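Colleague: Take this structure, written in structure tokens, and hold onto it; I'll ask about it next.
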Amino acid sequence: MTENVLLPGAESPGDTAEGTSVPVRFAVVAALGGLLFGYDSAVINGAVSAIEGKFQVESALLGFAIASALLGAAAGAMLAGRIADRYGRLVTMRAAAVMFLLSAIGTGFAANVEMLVTFRIVGGIGVGLASVIAPAYIAEISPARVRGRLGSLQQLAIVTGIFVSLLVDYALAALAGGSQEELWFGLEAWRWMFLAMCVPALAYGLLSLTIPESPRYLIAQGRIAEARGILAVLLGEKGLDLKIESIRSTLARETQPSIRDLKGSAFGLMPIVWIGIGLSVFQQFVGINVIFYYSSVLWQAVGFDEGSSLKITVITSVVNIATTLIAIAYIDRVGRRPLLIIGSAGMAVTLATMAFIFGTASTTVVNGVTTPQLTGLQGPIALVAANLFVVAFGMSWGPVVWVLLGEAFPNRIRAAALSLAAGAQWAANWLITVTFPSMKDFSLGISYGFYAVCAVLSLVFVLRWVKETKGVELEAMHSDSIV
């Protein structure tokens with residue numbers, strides 16, 4: 001049996017309540033926050049060398065400037081649950097859109113590194129808000145049978161945003177003859193890389209006006225009639241009263257949800273919350289964002305020029321999109337857990353290969369910095385291993401973690417628990433990102449070796465603690481759902 005999943009706006013039986021084109025349309029709009037999330041996170045890639053030269057910053061400060069957005073993301077993620085539970089999922093989306101717009105303008109016109117960092121943090125707050133609200137909203141409006149696929153749209157949007165940002169970086173640098181060269185109106189190409197984000201930020205804010213509020217949020221607020229109308233569109237009238245009562249029973253409480261509700265017997269938190277935090281941290285500790293934040297600098301360091309390095313990075317982002325589509329196709333058939341297991345094994349092998357290549361390469365010392373020199377087959381093997389690593393991540397830990405974070409928590413604590421897990425993810429992302437420039441200068445072999453060890457540990461973590469949630473209704477998720 002196949003399900004009639006259509007693109008938004010399609011005229012067919014899928015537009016009826018029994019089809020899935022309506023939730024697809026709602027999910028696509030919500031996932032646009034992921035596109036901005038990806039763009040804002042990766043746009044710095046093409047501007048790293050220009051920022052370093054423009055503001056004369058050393059490696060440690062450069063790493064902080066690049067990673068500063070992640071501090072804002074951690075803060076935004078921690079705030080998102082409270083905003084979403086008090087003011088609604090749509091208000092949170094619109095707040096994120098405003099943050100993205102302010103960041104695009106502020107970083108594009110930054111007069112110094114302090115201003116750049118400030119507006120990177122502002123954009124990071126938008127990233128944090130979007131990283132929480134998109135998976136939560138998508139899970140809450142999706143039928144169980146396609147929830148994995150719709151939840152994976154968040155990751156597809158993220159990797160598409162990364163691709164768009166890297167393509168924009170490459171195109172603008174090529175037009176100007178380099179990222180540091182002037183392009184239009186006396187502004188350097190790297191500034192236009194940031195300013196281009198104004199377009200998707202405005203689109204996200206405007207399109208959020210075209211989708212309804214989450215029915216589970218409306219039921220929590222006692223707005224039953226509104227929720228009924230939306231659920232009827234999403235699920236049809238059959239069994240609607242039972243569905244509403246089931247949601248009400250899982251949301252029953254006298255106070256607003258908060259982080260206090262996550263307390264439990266496992267080191268102060270519910271076990272399910274620790275599982276969410278573990279998934280988030282391992283997703284970052286395998287070093288995926290090193291590939292997307294620093295890859296142009298990395299490939300320049302081993303002998304490629306700026307244009308070739310940016311081109312390689314764009315190709316890598318296309319690979320990421322293709323493998324995410326594989327995950328979308330199989331996540332509701334194969335399940336979440338098998339994809340994570342396969343991905344962890346693939347990442348461990350490819351990262352170990354990169355650690356060996358860079359650890360055994362000959363080196364040169366320039367200005368006190370040791371740089372590996374890849375010769376013979378070392379360069380092609382490193383490139384293949386890096387892209388196979390992206391394949392392993394893109395079909396597993398990239399999309400599956402966001403799906404699990406959106407669906408695995410009980411209704412009553414979903415937004416608060418997702419905020420804490422996403423906050424941990426951004427803190428881990430910040431730690432990996434801010435330390436990489438110094439680790440790179442010390443030893444790329446050791447750097448990739450560390451990420452390989454984390455990939456092995458992620459496999460152990462899944463085998464020991466993560467259970468399957470494929471096809472389980474949100475109302476059936478309890479505090480021991482995946483433990």
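A note on labels: chains of the structure tokens are A, B, ... as shown, every chain counts residues from 1, and ligands are counted from 1 in their shown order.
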Please report, as a tab-separated table, each residue of stretch 174-274 of chain A lying at most 8 Å from stretch 138-157 of chain A, together with the nearest pair of atoms and the separation in Å rounded to one decimal; use only C-alpha atoms, and order rows by chain and ascending residue number.

Modeller:
residue	atom	partner	partner_atom	distance
A:Ser214	CA	A:Glu140	CA	6.4
A:Pro215	CA	A:Ile141	CA	7.3
A:Arg216	CA	A:Glu140	CA	6.6
A:Leu234	CA	A:Ile141	CA	7.2
A:Leu235	CA	A:Pro143	CA	7.2

Colleague: Compile the contact shell of A:Lys54 as JSON, numbers by chain: residues with an atom at most 10 Å away, counting only C-alpha atoms, same-chain residues fewer than 2 positions apart removed.

Modeller: {"A": [48, 49, 50, 51, 52, 56, 57, 111, 112, 113, 180]}

Colleague: Just the residues within 8 Å of stretch 195-208 of chain A, please, counting only C-alpha atoms, with nothing from its chain fewer than 6 positions along; format it as a count of residues only.

Modeller: 18

Colleague: What does the distance between atom CA of A:Ser280 and atom CA of A:Gly471 come to in Å, to one decimal place?

Modeller: 21.9 Å

Colleague: Show which residues sit within 8 Å of A:Leu351, as a PDB file with all heavy atoms, in the first residue's frame. Count only C-alpha atoms, and ignore same-chain residues fewer than 2 positions away.

Modeller:
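Dumped to out_28.pdb:
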ATOM      1  N   MET A 347      30.130   6.249   9.845  1.00  0.00           N
ATOM      2  CA  MET A 347      30.902   7.417  10.285  1.00  0.00           C
ATOM      3  C   MET A 347      32.204   6.999  10.962  1.00  0.00           C
ATOM      4  O   MET A 347      33.255   7.628  10.774  1.00  0.00           O
ATOM      5  CB  MET A 347      30.061   8.276  11.229  1.00  0.00           C
ATOM      6  CG  MET A 347      28.910   8.980  10.545  1.00  0.00           C
ATOM      7  SD  MET A 347      28.063  10.184  11.612  1.00  0.00           S
ATOM      8  CE  MET A 347      27.444   9.137  12.927  1.00  0.00           C
ATOM      9  N   ALA A 348      32.155   5.931  11.760  1.00  0.00           N
ATOM     10  CA  ALA A 348      33.363   5.476  12.454  1.00  0.00           C
ATOM     11  C   ALA A 348      34.454   5.075  11.455  1.00  0.00           C
ATOM     12  O   ALA A 348      35.629   5.446  11.606  1.00  0.00           O
ATOM     13  CB  ALA A 348      33.019   4.300  13.366  1.00  0.00           C
ATOM     14  N   VAL A 349      34.067   4.347  10.410  1.00  0.00           N
ATOM     15  CA  VAL A 349      35.041   3.887   9.420  1.00  0.00           C
ATOM     16  C   VAL A 349      35.622   5.057   8.626  1.00  0.00           C
ATOM     17  O   VAL A 349      36.849   5.158   8.436  1.00  0.00           O
ATOM     18  CB  VAL A 349      34.387   2.872   8.459  1.00  0.00           C
ATOM     19  CG1 VAL A 349      35.324   2.552   7.296  1.00  0.00           C
ATOM     20  CG2 VAL A 349      34.023   1.601   9.201  1.00  0.00           C
ATOM     21  N   THR A 353      39.461   6.633   8.697  1.00  0.00           N
ATOM     22  CA  THR A 353      40.262   6.749   7.470  1.00  0.00           C
ATOM     23  C   THR A 353      40.867   8.145   7.350  1.00  0.00           C
ATOM     24  O   THR A 353      42.060   8.289   7.037  1.00  0.00           O
ATOM     25  CB  THR A 353      39.386   6.459   6.236  1.00  0.00           C
ATOM     26  OG1 THR A 353      38.856   5.139   6.333  1.00  0.00           O
ATOM     27  CG2 THR A 353      40.188   6.598   4.949  1.00  0.00           C
ATOM     28  N   MET A 354      40.055   9.179   7.608  1.00  0.00           N
ATOM     29  CA  MET A 354      40.561  10.548   7.535  1.00  0.00           C
ATOM     30  C   MET A 354      41.619  10.788   8.603  1.00  0.00           C
ATOM     31  O   MET A 354      42.629  11.469   8.361  1.00  0.00           O
ATOM     32  CB  MET A 354      39.407  11.537   7.685  1.00  0.00           C
ATOM     33  CG  MET A 354      38.438  11.510   6.506  1.00  0.00           C
ATOM     34  SD  MET A 354      37.007  12.580   6.717  1.00  0.00           S
ATOM     35  CE  MET A 354      37.773  14.188   6.513  1.00  0.00           C
ATOM     36  N   ALA A 355      41.417  10.222   9.799  1.00  0.00           N
ATOM     37  CA  ALA A 355      42.415  10.375  10.858  1.00  0.00           C
ATOM     38  C   ALA A 355      43.746   9.757  10.447  1.00  0.00           C
ATOM     39  O   ALA A 355      44.814  10.333  10.681  1.00  0.00           O
ATOM     40  CB  ALA A 355      41.902   9.722  12.144  1.00  0.00           C
ATOM     41  N   ALA A 385      36.639   9.898   1.520  1.00  0.00           N
ATOM     42  CA  ALA A 385      36.271   9.582   2.904  1.00  0.00           C
ATOM     43  C   ALA A 385      35.402  10.680   3.508  1.00  0.00           C
ATOM     44  O   ALA A 385      34.415  10.392   4.206  1.00  0.00           O
ATOM     45  CB  ALA A 385      37.527   9.384   3.750  1.00  0.00           C
ATOM     46  N   ALA A 386      35.741  11.942   3.220  1.00  0.00           N
ATOM     47  CA  ALA A 386      34.952  13.061   3.753  1.00  0.00           C
ATOM     48  C   ALA A 386      33.526  13.022   3.221  1.00  0.00           C
ATOM     49  O   ALA A 386      32.559  13.237   3.970  1.00  0.00           O
ATOM     50  CB  ALA A 386      35.614  14.394   3.402  1.00  0.00           C
ATOM     51  N   PHE A 389      31.614  10.092   4.688  1.00  0.00           N
ATOM     52  CA  PHE A 389      31.218  10.456   6.042  1.00  0.00           C
ATOM     53  C   PHE A 389      29.917  11.251   6.004  1.00  0.00           C
ATOM     54  O   PHE A 389      28.988  11.003   6.789  1.00  0.00           O
ATOM     55  CB  PHE A 389      32.334  11.271   6.707  1.00  0.00           C
ATOM     56  CG  PHE A 389      31.907  12.006   7.950  1.00  0.00           C
ATOM     57  CD1 PHE A 389      31.452  11.315   9.067  1.00  0.00           C
ATOM     58  CD2 PHE A 389      31.959  13.391   8.000  1.00  0.00           C
ATOM     59  CE1 PHE A 389      31.061  11.998  10.218  1.00  0.00           C
ATOM     60  CE2 PHE A 389      31.573  14.082   9.137  1.00  0.00           C
ATOM     61  CZ  PHE A 389      31.123  13.378  10.251  1.00  0.00           C
ATOM     62  N   TYR A 448      40.435  14.250  13.806  1.00  0.00           N
ATOM     63  CA  TYR A 448      39.522  13.282  13.208  1.00  0.00           C
ATOM     64  C   TYR A 448      39.495  11.973  13.990  1.00  0.00           C
ATOM     65  O   TYR A 448      38.475  11.263  13.996  1.00  0.00           O
ATOM     66  CB  TYR A 448      39.873  13.051  11.741  1.00  0.00           C
ATOM     67  CG  TYR A 448      39.419  14.185  10.858  1.00  0.00           C
ATOM     68  CD1 TYR A 448      40.328  15.029  10.229  1.00  0.00           C
ATOM     69  CD2 TYR A 448      38.062  14.429  10.671  1.00  0.00           C
ATOM     70  CE1 TYR A 448      39.906  16.083   9.431  1.00  0.00           C
ATOM     71  CE2 TYR A 448      37.631  15.482   9.877  1.00  0.00           C
ATOM     72  CZ  TYR A 448      38.552  16.303   9.262  1.00  0.00           C
ATOM     73  OH  TYR A 448      38.126  17.352   8.481  1.00  0.00           O
ATOM     74  N   GLY A 449      40.577  11.654  14.665  1.00  0.00           N
ATOM     75  CA  GLY A 449      40.592  10.484  15.530  1.00  0.00           C
ATOM     76  C   GLY A 449      39.608  10.623  16.677  1.00  0.00           C
ATOM     77  O   GLY A 449      38.903   9.667  17.029  1.00  0.00           O
ATOM     78  N   TYR A 451      36.856  12.475  16.644  1.00  0.00           N
ATOM     79  CA  TYR A 451      35.509  12.351  16.089  1.00  0.00           C
ATOM     80  C   TYR A 451      35.171  10.887  15.790  1.00  0.00           C
ATOM     81  O   TYR A 451      34.018  10.456  15.956  1.00  0.00           O
ATOM     82  CB  TYR A 451      35.361  13.189  14.815  1.00  0.00           C
ATOM     83  CG  TYR A 451      35.718  14.654  14.991  1.00  0.00           C
ATOM     84  CD1 TYR A 451      36.379  15.360  13.990  1.00  0.00           C
ATOM     85  CD2 TYR A 451      35.411  15.326  16.178  1.00  0.00           C
ATOM     86  CE1 TYR A 451      36.723  16.697  14.158  1.00  0.00           C
ATOM     87  CE2 TYR A 451      35.742  16.653  16.350  1.00  0.00           C
ATOM     88  CZ  TYR A 451      36.407  17.336  15.337  1.00  0.00           C
ATOM     89  OH  TYR A 451      36.746  18.662  15.505  1.00  0.00           O
ATOM     90  N   ALA A 452      36.169  10.104  15.359  1.00  0.00           N
ATOM     91  CA  ALA A 452      35.951   8.681  15.090  1.00  0.00           C
ATOM     92  C   ALA A 452      35.579   7.933  16.371  1.00  0.00           C
ATOM     93  O   ALA A 452      34.678   7.079  16.367  1.00  0.00           O
ATOM     94  CB  ALA A 452      37.198   8.062  14.455  1.00  0.00           C
TER      95      ALA A 452
END

Colleague: When DSSP is applied to the backbone of this structure, which of stretch 206-255 of chain A are assigned alpha helix (DSSP H)? Write them out as JSON, numbers by chain.

Modeller: {"A": [206, 207, 215, 216, 217, 218, 219, 220, 224, 225, 226, 227, 228, 229, 230, 231, 232, 233, 234, 235, 240, 241, 242, 243, 244, 245, 246, 247, 248, 249, 250, 251]}

Colleague: Of the residues A:Val456, A:Val127, A:Leu166, A:Leu209, which is the one nearest to A:Met193, using only C-alpha atoms?

Modeller: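 Closest to A:Met193 of all the choices is A:Leu166.
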
Colleague: Which residues are close to stretch 238-246 of chain A, i.e. within 9 Å by only C-alpha atoms, leaving aside same-chain residues fewer than 3 positions away? Reply as a list in words.

Modeller: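 The residues that qualify are Arg216, Ile219, Ile224, Ala227, Arg228, Leu231, Ala232, Leu235, Ser249, Thr250, Leu251 and Glu475 of chain A.
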
Colleague: List the neighbours of A:Ala80 out to 8 Å using only C-alpha atoms; skip same-chain residues closer than 5 positions along the sequence, and give me the result as a PyMOL selection string.

Modeller: chain A and resi 92+128-129+132-133+415+419

Colleague: What is the atom CA of A:Val472 to atom CA of A:Tyr137 distance in Å?

Modeller: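 Distance reported for this atom pair: 16.7 Å.
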
Colleague: Looking at only C-alpha atoms, which of A:Val453, A:Ala408, A:Met395, A:Leu463 is the one that sits closest to A:Val159?

Modeller: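 Comparing A:Val453, A:Ala408, A:Met395, A:Leu463 against A:Val159, the winner is A:Met395.
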
Colleague: Work out how far atom CA of A:Ala65 is from atom CA of A:Gln283, in Å to one decimal.

Modeller: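 Computing it gives 22.1 Å between the two atoms.
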
Colleague: Stretch 103-274 of chain A: which residues are strand (DSSP E) by DSSP, as a list of chain:residue names?

Modeller: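 Here are the strand (DSSP E) residues of stretch 103-274 of chain A: A:Glu182, A:Leu183, A:Trp184, A:Leu187, A:Glu188.
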
Colleague: If you keep all heavy atoms, can you produce a file of those selected residues as a compact mmCIF listing (two decimals), in the first residue's frame?

Modeller:
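Okay, out_31.txt is ready:
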# COMPACT_ATOMS: atom_id res chain seq x y z
N GLU A 182 35.58 43.79 -3.55
CA GLU A 182 34.32 44.53 -3.62
C GLU A 182 33.43 43.96 -4.72
O GLU A 182 33.91 43.56 -5.78
CB GLU A 182 34.59 46.02 -3.87
CG GLU A 182 35.15 46.75 -2.66
CD GLU A 182 35.20 48.27 -2.88
OE1 GLU A 182 34.68 48.74 -3.91
OE2 GLU A 182 35.75 48.97 -2.01
N LEU A 183 32.12 43.96 -4.46
CA LEU A 183 31.18 43.43 -5.43
C LEU A 183 30.20 44.52 -5.88
O LEU A 183 30.33 45.08 -6.96
CB LEU A 183 30.44 42.23 -4.84
CG LEU A 183 29.50 41.46 -5.79
CD1 LEU A 183 30.22 41.02 -7.06
CD2 LEU A 183 28.89 40.26 -5.07
N TRP A 184 29.20 44.85 -5.05
CA TRP A 184 28.21 45.86 -5.39
C TRP A 184 28.15 46.93 -4.31
O TRP A 184 28.28 46.65 -3.13
CB TRP A 184 26.81 45.23 -5.53
CG TRP A 184 26.73 44.16 -6.59
CD1 TRP A 184 27.08 44.28 -7.90
CD2 TRP A 184 26.25 42.82 -6.43
NE1 TRP A 184 26.85 43.11 -8.57
CE2 TRP A 184 26.33 42.19 -7.70
CE3 TRP A 184 25.73 42.09 -5.34
CZ2 TRP A 184 25.95 40.87 -7.90
CZ3 TRP A 184 25.35 40.78 -5.55
CH2 TRP A 184 25.45 40.19 -6.81
N LEU A 187 30.52 47.23 -1.26
CA LEU A 187 30.56 46.19 -0.23
C LEU A 187 31.28 44.95 -0.77
O LEU A 187 31.07 44.54 -1.91
CB LEU A 187 29.15 45.81 0.20
CG LEU A 187 28.30 46.91 0.85
CD1 LEU A 187 26.90 46.40 1.14
CD2 LEU A 187 28.96 47.42 2.13
N GLU A 188 32.12 44.34 0.09
CA GLU A 188 32.84 43.15 -0.31
C GLU A 188 31.88 41.97 -0.48
O GLU A 188 30.78 41.95 0.07
CB GLU A 188 33.90 42.79 0.74
CG GLU A 188 34.93 43.89 0.99
CD GLU A 188 34.60 44.70 2.23
OE1 GLU A 188 33.42 45.09 2.38
OE2 GLU A 188 35.53 44.94 3.03

Colleague: Compare A:Ala220, A:Ile121, A:Leu383, A:Leu340 by their minimum atom-to-atom distance to A:Lys467, counting only C-alpha atoms, and give me the closest one.

Modeller: A:Leu340

Colleague: Just want the 7 Å neighbourhood of A:Phe163, counted on only C-alpha atoms, with same-chain residues fewer than 2 positions away dropped. Output as a PyMOL selection string.

Modeller: chain A and resi 159-161+165-167+314+317-318

Colleague: So which one's closest to A:Arg248, A:Ile230, A:Gly72, A:Arg412, A:Phe185? Using only C-alpha atoms, please.

Modeller: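 Looking at the shortest contact to A:Arg248, the residue is A:Arg412.
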
Colleague: Under the rule that only C-alpha atoms are counted, which of A:Ser308, A:Thr118, A:Thr360, A:Ser344 is the nearest residue to A:Phe461?

Modeller: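 When distances to A:Phe461 are compared using only C-alpha atoms, the smallest one comes from A:Ser344.
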
Colleague: Between A:Ala110, A:Ala173, A:Phe436, A:Leu62, which residue has the minimum interatomic distance to A:Asn289, considering only C-alpha atoms?

Modeller: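 Distance minimum relative to A:Asn289 lands on A:Phe436.
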